[in-house]
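Participant: Sending over query-v6.pdb (PDB, C-alpha atoms, pLDDT in the B column).
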```
ATOM      1  CA  MET A   1       0.000   0.000   0.000  1.00 50.00           C
ATOM      2  CA  ASN A   2       1.350   3.388  -0.957  1.00 51.00           C
ATOM      3  CA  THR A   3       1.251   5.769   1.973  1.00 52.00           C
ATOM      4  CA  ASN A   4       2.778   8.628   0.010  1.00 54.00           C
ATOM      5  CA  SER A   5       0.198  11.359  -0.496  1.00 55.00           C
ATOM      6  CA  ASN A   6       1.976  12.765  -3.561  1.00 56.00           C
ATOM      7  CA  PRO A   7       0.837  10.936  -6.665  1.00 57.00           C
ATOM      8  CA  VAL A   8       3.440  10.273  -9.310  1.00 58.00           C
ATOM      9  CA  THR A   9       2.853  12.463 -12.333  1.00 54.00           C
ATOM     10  CA  PRO A  10       4.104  11.150 -15.623  1.00 55.00           C
ATOM     11  CA  ALA A  11       6.885  13.087 -17.312  1.00 58.00           C
ATOM     12  CA  ARG A  12       5.589  15.274 -20.092  1.00 74.00           C
ATOM     13  CA  SER A  13       7.217  14.941 -23.487  1.00 83.00           C
ATOM     14  CA  LEU A  14       9.099  17.901 -24.900  1.00 85.00           C
ATOM     15  CA  LEU A  15       6.985  17.414 -28.034  1.00 83.00           C
ATOM     16  CA  ALA A  16       3.878  18.191 -25.968  1.00 86.00           C
ATOM     17  CA  ASN A  17       5.103  21.768 -25.504  1.00 93.00           C
ATOM     18  CA  PRO A  18       3.303  24.285 -27.751  1.00 93.00           C
ATOM     19  CA  TRP A  19       6.500  26.276 -28.369  1.00 94.00           C
ATOM     20  CA  THR A  20       8.350  23.121 -29.412  1.00 94.00           C
ATOM     21  CA  GLN A  21       5.541  22.362 -31.843  1.00 93.00           C
ATOM     22  CA  LEU A  22       5.720  25.901 -33.212  1.00 94.00           C
ATOM     23  CA  ILE A  23       9.495  25.715 -33.720  1.00 94.00           C
ATOM     24  CA  ILE A  24       9.196  22.342 -35.455  1.00 93.00           C
ATOM     25  CA  GLY A  25       6.537  23.817 -37.741  1.00 93.00           C
ATOM     26  CA  VAL A  26       8.742  26.774 -38.641  1.00 93.00           C
ATOM     27  CA  ILE A  27      11.666  24.450 -39.443  1.00 91.00           C
ATOM     28  CA  CYS A  28       9.477  22.224 -41.613  1.00 91.00           C
ATOM     29  CA  MET A  29       8.105  25.232 -43.468  1.00 92.00           C
ATOM     30  CA  ALA A  30      11.621  26.553 -44.035  1.00 89.00           C
ATOM     31  CA  CYS A  31      12.680  23.215 -45.507  1.00 87.00           C
ATOM     32  CA  VAL A  32      10.003  23.089 -48.197  1.00 88.00           C
ATOM     33  CA  ALA A  33       9.727  26.767 -49.108  1.00 88.00           C
ATOM     34  CA  ASN A  34      12.545  27.089 -51.592  1.00 87.00           C
ATOM     35  CA  LEU A  35      10.939  24.832 -54.178  1.00 85.00           C
ATOM     36  CA  GLN A  36       8.404  27.630 -54.568  1.00 88.00           C
ATOM     37  CA  TYR A  37      10.479  30.715 -53.840  1.00 88.00           C
ATOM     38  CA  GLY A  38      13.660  29.488 -55.502  1.00 90.00           C
ATOM     39  CA  TRP A  39      12.001  28.249 -58.678  1.00 94.00           C
ATOM     40  CA  THR A  40      12.933  31.316 -60.729  1.00 94.00           C
ATOM     41  CA  LEU A  41      16.618  30.484 -60.225  1.00 96.00           C
ATOM     42  CA  PHE A  42      16.115  27.275 -62.194  1.00 97.00           C
ATOM     43  CA  VAL A  43      14.015  28.560 -65.100  1.00 97.00           C
ATOM     44  CA  ASN A  44      16.773  30.074 -67.256  1.00 97.00           C
ATOM     45  CA  PRO A  45      19.232  27.181 -66.824  1.00 98.00           C
ATOM     46  CA  ILE A  46      16.514  24.636 -67.681  1.00 98.00           C
ATOM     47  CA  ASP A  47      15.493  26.658 -70.733  1.00 98.00           C
ATOM     48  CA  ALA A  48      19.125  27.115 -71.783  1.00 97.00           C
ATOM     49  CA  LYS A  49      19.641  23.351 -71.728  1.00 97.00           C
ATOM     50  CA  PHE A  50      16.405  22.207 -73.412  1.00 98.00           C
ATOM     51  CA  HIS A  51      15.099  25.317 -75.244  1.00 98.00           C
ATOM     52  CA  TRP A  52      11.503  24.614 -74.226  1.00 98.00           C
ATOM     53  CA  GLY A  53      10.844  28.306 -73.717  1.00 97.00           C
ATOM     54  CA  ARG A  54      10.377  30.115 -70.431  1.00 97.00           C
ATOM     55  CA  PRO A  55       6.561  30.005 -70.584  1.00 97.00           C
ATOM     56  CA  ALA A  56       6.594  26.211 -70.954  1.00 98.00           C
ATOM     57  CA  VAL A  57       9.042  25.837 -68.057  1.00 98.00           C
ATOM     58  CA  GLN A  58       6.922  28.192 -65.950  1.00 97.00           C
ATOM     59  CA  VAL A  59       3.872  25.951 -66.435  1.00 97.00           C
ATOM     60  CA  ALA A  60       5.590  23.665 -63.928  1.00 97.00           C
ATOM     61  CA  PHE A  61       5.457  26.461 -61.368  1.00 96.00           C
ATOM     62  CA  THR A  62       1.790  27.104 -62.097  1.00 97.00           C
ATOM     63  CA  LEU A  63       1.004  23.416 -61.585  1.00 97.00           C
ATOM     64  CA  PHE A  64       3.005  23.389 -58.380  1.00 97.00           C
ATOM     65  CA  VAL A  65       1.119  26.348 -56.874  1.00 96.00           C
ATOM     66  CA  LEU A  66      -2.311  25.125 -57.990  1.00 97.00           C
ATOM     67  CA  ILE A  67      -1.778  21.682 -56.521  1.00 97.00           C
ATOM     68  CA  GLU A  68      -0.091  23.028 -53.395  1.00 95.00           C
ATOM     69  CA  THR A  69      -3.087  25.203 -52.560  1.00 94.00           C
ATOM     70  CA  TRP A  70      -6.102  23.342 -53.901  1.00 95.00           C
ATOM     71  CA  LEU A  71      -5.317  20.027 -52.209  1.00 93.00           C
ATOM     72  CA  VAL A  72      -4.899  21.454 -48.689  1.00 91.00           C
ATOM     73  CA  PRO A  73      -8.448  20.373 -47.710  1.00 93.00           C
ATOM     74  CA  VAL A  74      -7.623  16.778 -48.681  1.00 94.00           C
ATOM     75  CA  GLU A  75      -4.362  17.011 -46.764  1.00 92.00           C
ATOM     76  CA  GLY A  76      -6.317  18.361 -43.797  1.00 91.00           C
ATOM     77  CA  TYR A  77      -8.481  15.239 -43.937  1.00 94.00           C
ATOM     78  CA  LEU A  78      -5.303  13.131 -43.898  1.00 95.00           C
ATOM     79  CA  VAL A  79      -4.073  15.009 -40.814  1.00 95.00           C
ATOM     80  CA  ASP A  80      -7.335  14.217 -39.037  1.00 94.00           C
ATOM     81  CA  ARG A  81      -7.067  10.576 -40.022  1.00 96.00           C
ATOM     82  CA  PHE A  82      -3.318   9.875 -39.587  1.00 96.00           C
ATOM     83  CA  GLY A  83      -1.985  12.752 -37.501  1.00 94.00           C
ATOM     84  CA  PRO A  84       0.286  15.672 -38.335  1.00 94.00           C
ATOM     85  CA  ARG A  85       3.565  13.764 -37.952  1.00 93.00           C
ATOM     86  CA  TRP A  86       2.767  11.348 -40.781  1.00 95.00           C
ATOM     87  CA  VAL A  87       1.393  13.972 -43.131  1.00 96.00           C
ATOM     88  CA  VAL A  88       4.445  16.235 -42.663  1.00 94.00           C
ATOM     89  CA  LEU A  89       6.786  13.264 -43.078  1.00 93.00           C
ATOM     90  CA  GLY A  90       4.980  12.199 -46.245  1.00 94.00           C
ATOM     91  CA  GLY A  91       5.076  15.767 -47.530  1.00 95.00           C
ATOM     92  CA  ALA A  92       8.812  16.031 -46.854  1.00 92.00           C
ATOM     93  CA  VAL A  93       9.447  12.814 -48.753  1.00 93.00           C
ATOM     94  CA  LEU A  94       7.332  14.030 -51.685  1.00 95.00           C
ATOM     95  CA  VAL A  95       9.204  17.334 -51.832  1.00 94.00           C
ATOM     96  CA  ALA A  96      12.534  15.481 -51.829  1.00 93.00           C
ATOM     97  CA  ILE A  97      11.287  13.193 -54.601  1.00 95.00           C
ATOM     98  CA  ALA A  98      10.215  16.244 -56.625  1.00 96.00           C
ATOM     99  CA  TRP A  99      13.664  17.825 -56.319  1.00 95.00           C
ATOM    100  CA  VAL A 100      15.342  14.552 -57.322  1.00 95.00           C
ATOM    101  CA  ILE A 101      13.035  14.131 -60.319  1.00 97.00           C
ATOM    102  CA  ASN A 102      13.717  17.736 -61.339  1.00 97.00           C
ATOM    103  CA  SER A 103      17.449  17.015 -61.244  1.00 97.00           C
ATOM    104  CA  GLY A 104      17.083  14.505 -64.064  1.00 97.00           C
ATOM    105  CA  ALA A 105      13.999  15.743 -65.911  1.00 98.00           C
ATOM    106  CA  SER A 106      14.591  15.691 -69.646  1.00 98.00           C
ATOM    107  CA  SER A 107      11.051  16.372 -70.822  1.00 98.00           C
ATOM    108  CA  LEU A 108       8.366  18.878 -69.950  1.00 98.00           C
ATOM    109  CA  ALA A 109       6.062  16.046 -68.906  1.00 98.00           C
ATOM    110  CA  VAL A 110       8.552  14.868 -66.285  1.00 98.00           C
ATOM    111  CA  LEU A 111       9.104  18.446 -65.118  1.00 98.00           C
ATOM    112  CA  TYR A 112       5.332  18.834 -64.728  1.00 98.00           C
ATOM    113  CA  ILE A 113       5.023  15.536 -62.840  1.00 98.00           C
ATOM    114  CA  ALA A 114       7.752  16.673 -60.453  1.00 98.00           C
ATOM    115  CA  ALA A 115       5.900  19.969 -59.964  1.00 97.00           C
ATOM    116  CA  ALA A 116       2.707  18.097 -59.093  1.00 98.00           C
ATOM    117  CA  ILE A 117       4.523  15.853 -56.618  1.00 97.00           C
ATOM    118  CA  GLY A 118       6.261  18.869 -55.076  1.00 96.00           C
ATOM    119  CA  GLY A 119       2.963  20.740 -54.829  1.00 97.00           C
ATOM    120  CA  ILE A 120       1.333  17.865 -52.970  1.00 97.00           C
ATOM    121  CA  GLY A 121       4.289  17.596 -50.601  1.00 96.00           C
ATOM    122  CA  THR A 122       4.574  21.309 -49.925  1.00 95.00           C
ATOM    123  CA  GLY A 123       0.833  21.563 -49.354  1.00 96.00           C
ATOM    124  CA  CYS A 124       1.028  18.690 -46.870  1.00 96.00           C
ATOM    125  CA  VAL A 125       3.709  20.465 -44.882  1.00 95.00           C
ATOM    126  CA  TYR A 126       2.236  23.969 -45.146  1.00 94.00           C
ATOM    127  CA  GLY A 127      -1.350  23.086 -44.297  1.00 94.00           C
ATOM    128  CA  THR A 128      -0.378  20.736 -41.499  1.00 95.00           C
ATOM    129  CA  CYS A 129       2.064  23.105 -39.834  1.00 95.00           C
ATOM    130  CA  VAL A 130      -0.337  26.054 -39.891  1.00 94.00           C
ATOM    131  CA  GLY A 131      -3.214  23.896 -38.654  1.00 93.00           C
ATOM    132  CA  ASN A 132      -1.043  22.426 -35.919  1.00 94.00           C
ATOM    133  CA  ALA A 133       0.016  25.895 -34.773  1.00 95.00           C
ATOM    134  CA  LEU A 134      -3.624  26.935 -34.487  1.00 93.00           C
ATOM    135  CA  LYS A 135      -4.364  23.842 -32.415  1.00 93.00           C
ATOM    136  CA  TRP A 136      -1.537  24.462 -29.944  1.00 92.00           C
ATOM    137  CA  PHE A 137      -2.222  28.193 -29.565  1.00 95.00           C
ATOM    138  CA  PRO A 138      -6.006  28.588 -29.397  1.00 94.00           C
ATOM    139  CA  GLY A 139      -5.694  31.947 -27.630  1.00 94.00           C
ATOM    140  CA  ARG A 140      -3.036  33.288 -30.015  1.00 95.00           C
ATOM    141  CA  ARG A 141      -4.049  31.819 -33.331  1.00 93.00           C
ATOM    142  CA  GLY A 142      -2.966  34.809 -35.408  1.00 95.00           C
ATOM    143  CA  LEU A 143       0.448  34.937 -33.798  1.00 95.00           C
ATOM    144  CA  ALA A 144       0.975  31.190 -34.161  1.00 95.00           C
ATOM    145  CA  ALA A 145      -0.130  31.139 -37.798  1.00 94.00           C
ATOM    146  CA  GLY A 146       2.009  34.189 -38.576  1.00 95.00           C
ATOM    147  CA  ILE A 147       5.128  32.756 -36.984  1.00 95.00           C
ATOM    148  CA  THR A 148       4.604  29.448 -38.753  1.00 94.00           C
ATOM    149  CA  ALA A 149       4.023  31.078 -42.129  1.00 92.00           C
ATOM    150  CA  SER A 150       7.128  33.208 -41.615  1.00 93.00           C
ATOM    151  CA  GLY A 151       9.118  29.979 -41.681  1.00 91.00           C
ATOM    152  CA  PHE A 152       8.152  29.632 -45.334  1.00 87.00           C
ATOM    153  CA  GLY A 153       9.773  32.959 -46.197  1.00 86.00           C
ATOM    154  CA  ALA A 154      12.712  32.378 -43.871  1.00 87.00           C
ATOM    155  CA  GLY A 155      13.542  29.099 -45.583  1.00 84.00           C
ATOM    156  CA  ALA A 156      13.784  30.837 -48.900  1.00 84.00           C
ATOM    157  CA  ALA A 157      15.860  33.662 -47.458  1.00 86.00           C
ATOM    158  CA  ILE A 158      18.356  31.192 -46.014  1.00 88.00           C
ATOM    159  CA  THR A 159      18.702  28.987 -49.086  1.00 88.00           C
ATOM    160  CA  ILE A 160      18.374  31.255 -52.125  1.00 90.00           C
ATOM    161  CA  VAL A 161      22.019  32.337 -52.144  1.00 93.00           C
ATOM    162  CA  PRO A 162      23.441  28.806 -51.660  1.00 94.00           C
ATOM    163  CA  ILE A 163      21.108  27.444 -54.347  1.00 94.00           C
ATOM    164  CA  SER A 164      22.086  30.219 -56.743  1.00 96.00           C
ATOM    165  CA  ASN A 165      25.776  29.628 -56.041  1.00 97.00           C
ATOM    166  CA  MET A 166      25.428  25.897 -56.617  1.00 96.00           C
ATOM    167  CA  ILE A 167      23.541  26.420 -59.863  1.00 97.00           C
ATOM    168  CA  ASN A 168      26.309  28.744 -61.080  1.00 97.00           C
ATOM    169  CA  SER A 169      29.156  26.482 -59.977  1.00 98.00           C
ATOM    170  CA  SER A 170      27.787  22.959 -60.493  1.00 97.00           C
ATOM    171  CA  GLY A 171      24.643  23.255 -62.596  1.00 97.00           C
ATOM    172  CA  TYR A 172      20.972  23.300 -61.786  1.00 97.00           C
ATOM    173  CA  GLU A 173      20.767  19.495 -61.854  1.00 98.00           C
ATOM    174  CA  ARG A 174      23.201  19.142 -58.978  1.00 97.00           C
ATOM    175  CA  ALA A 175      21.457  21.923 -57.025  1.00 97.00           C
ATOM    176  CA  PHE A 176      18.109  20.140 -57.366  1.00 96.00           C
ATOM    177  CA  LEU A 177      19.633  16.848 -56.248  1.00 95.00           C
ATOM    178  CA  PHE A 178      21.684  18.234 -53.370  1.00 95.00           C
ATOM    179  CA  PHE A 179      18.975  20.416 -51.840  1.00 91.00           C
ATOM    180  CA  GLY A 180      16.294  17.793 -52.344  1.00 89.00           C
ATOM    181  CA  LEU A 181      18.304  15.205 -50.456  1.00 89.00           C
ATOM    182  CA  LEU A 182      19.350  17.708 -47.787  1.00 86.00           C
ATOM    183  CA  GLN A 183      15.911  19.056 -46.934  1.00 75.00           C
ATOM    184  CA  ALA A 184      13.863  15.893 -46.449  1.00 66.00           C
ATOM    185  CA  PRO A 185      15.769  14.636 -43.402  1.00 68.00           C
ATOM    186  CA  LEU A 186      15.713  18.122 -41.875  1.00 66.00           C
ATOM    187  CA  CYS A 187      11.953  18.322 -42.161  1.00 63.00           C
ATOM    188  CA  SER A 188      11.224  14.833 -40.979  1.00 59.00           C
TER
END
```
Written as structure tokens, how would this file's structure read?

Facilitator:
Amino acid sequence: MNTNSNPVTPARSLLANPWTQLIIGVICMACVANLQYGWTLFVNPIDAKFHWGRPAVQVAFTLFVLIETWLVPVEGYLVDRFGPRWVVLGGAVLVAIAWVINSGASSLAVLYIAAAIGGIGTGCVYGTCVGNALKWFPGRRGLAAGITASGFGAGAAITIVPISNMINSSGYERAFLFFGLLQAPLCS
């Protein structure tokens, strides 16, 4: 019989801290942002190699943004069903796959497929991280959503110069491959 009047309280996980969740969301957003914000760095080198024309290359960006935004409700359903961890992990893997496909794309169709895959992945991460921030900060929803969304811009700010330098020194293919393989583990 336990005569101690102090009940044992279970240790709380660091992941159960709202600020930890917010920081993780910002990091994940930063990892997937540059596929959108850094895209313009890749357009001229891709066109110079294949001569598809800038408008045709830019269709990939249009597909990316359309799919990234329009599928967020479906991704929200997946969060409700499987939880945010799995949706963000799946999104990170899809973004990495998109970058890797882009590194070897030799047709517009493949470039467009990579854009669609990247749009799904980025939407998974974006929608989940913003939704998760709102959940953890019900009294400060605007602040939480704003901080989380700022991670998207911060990721681009941090990586644009290194991506540009790698494109100039090693080619756009290597930049796609390197940053795609680098970002997925960081986000997951």

Participant: Please enumerate the residues selected by the PyMOL selection byres ((chain A and resi 23) around 12) when evaluated against the supplied file, formatted as a ChimeraX atom specification.

Facilitator: /A:14-15,17-22,24-30,129-130,132-133,136,144-145,147-151,187

Participant: For a cutoff of 10 Å around the file-coordinate point (4.4, 20.4, -55.0), which residues qualify once you count all atoms listed in the file? I'd like the result as a PyMOL selection string.

Facilitator: chain A and resi 32+35-36+60-61+63-69+91+94-95+97-99+112-124

Participant: Could you check which of A:Ile167, A:Val43, A:Val93, A:Gly76 is closest to Val59 (chain A), using all atoms listed in the file?

Facilitator: A:Val43

Participant: Which of these, A:Gly38, A:Gly131, A:Gly104, A:Gly53, has the shortest distance to Val88 (chain A) once you count only C-alpha atoms?

Facilitator: A:Gly131

Participant: Identify all residues satisfying the PyMOL selection byres ((chain A and resi 164) around 12) in the given file; provide them as a PyMOL selection string.

Facilitator: chain A and resi 34+37-45+156-163+165-176+179

Participant: CA of Gly153 (chain A) and CA of Gly127 (chain A), how far apart in Å?

Facilitator: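 Straight-line distance from CA of Gly127 (chain A) to CA of Gly153 (chain A) works out to 15.0 Å.
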
Participant: Restricting the calculation to all atoms listed in the file, which member of A:Val74, A:Leu177, A:Ile46, A:Ala92 is positioned closest to Val125 (chain A)?

Facilitator: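 Smallest separation from Val125 (chain A) among the options: A:Ala92.
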
Participant: Calculate how many Å separate CA of Pro84 (chain A) from CA of Ile101 (chain A), rounding to one decimal.

Facilitator: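 Separation of CA of Pro84 (chain A) and CA of Ile101 (chain A): 25.5 Å.
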
Participant: What does the distance from CA of Leu111 (chain A) to CA of Val79 (chain A) come to in Å, to one decimal?

Facilitator: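 Distance between the two atoms: 27.9 Å.
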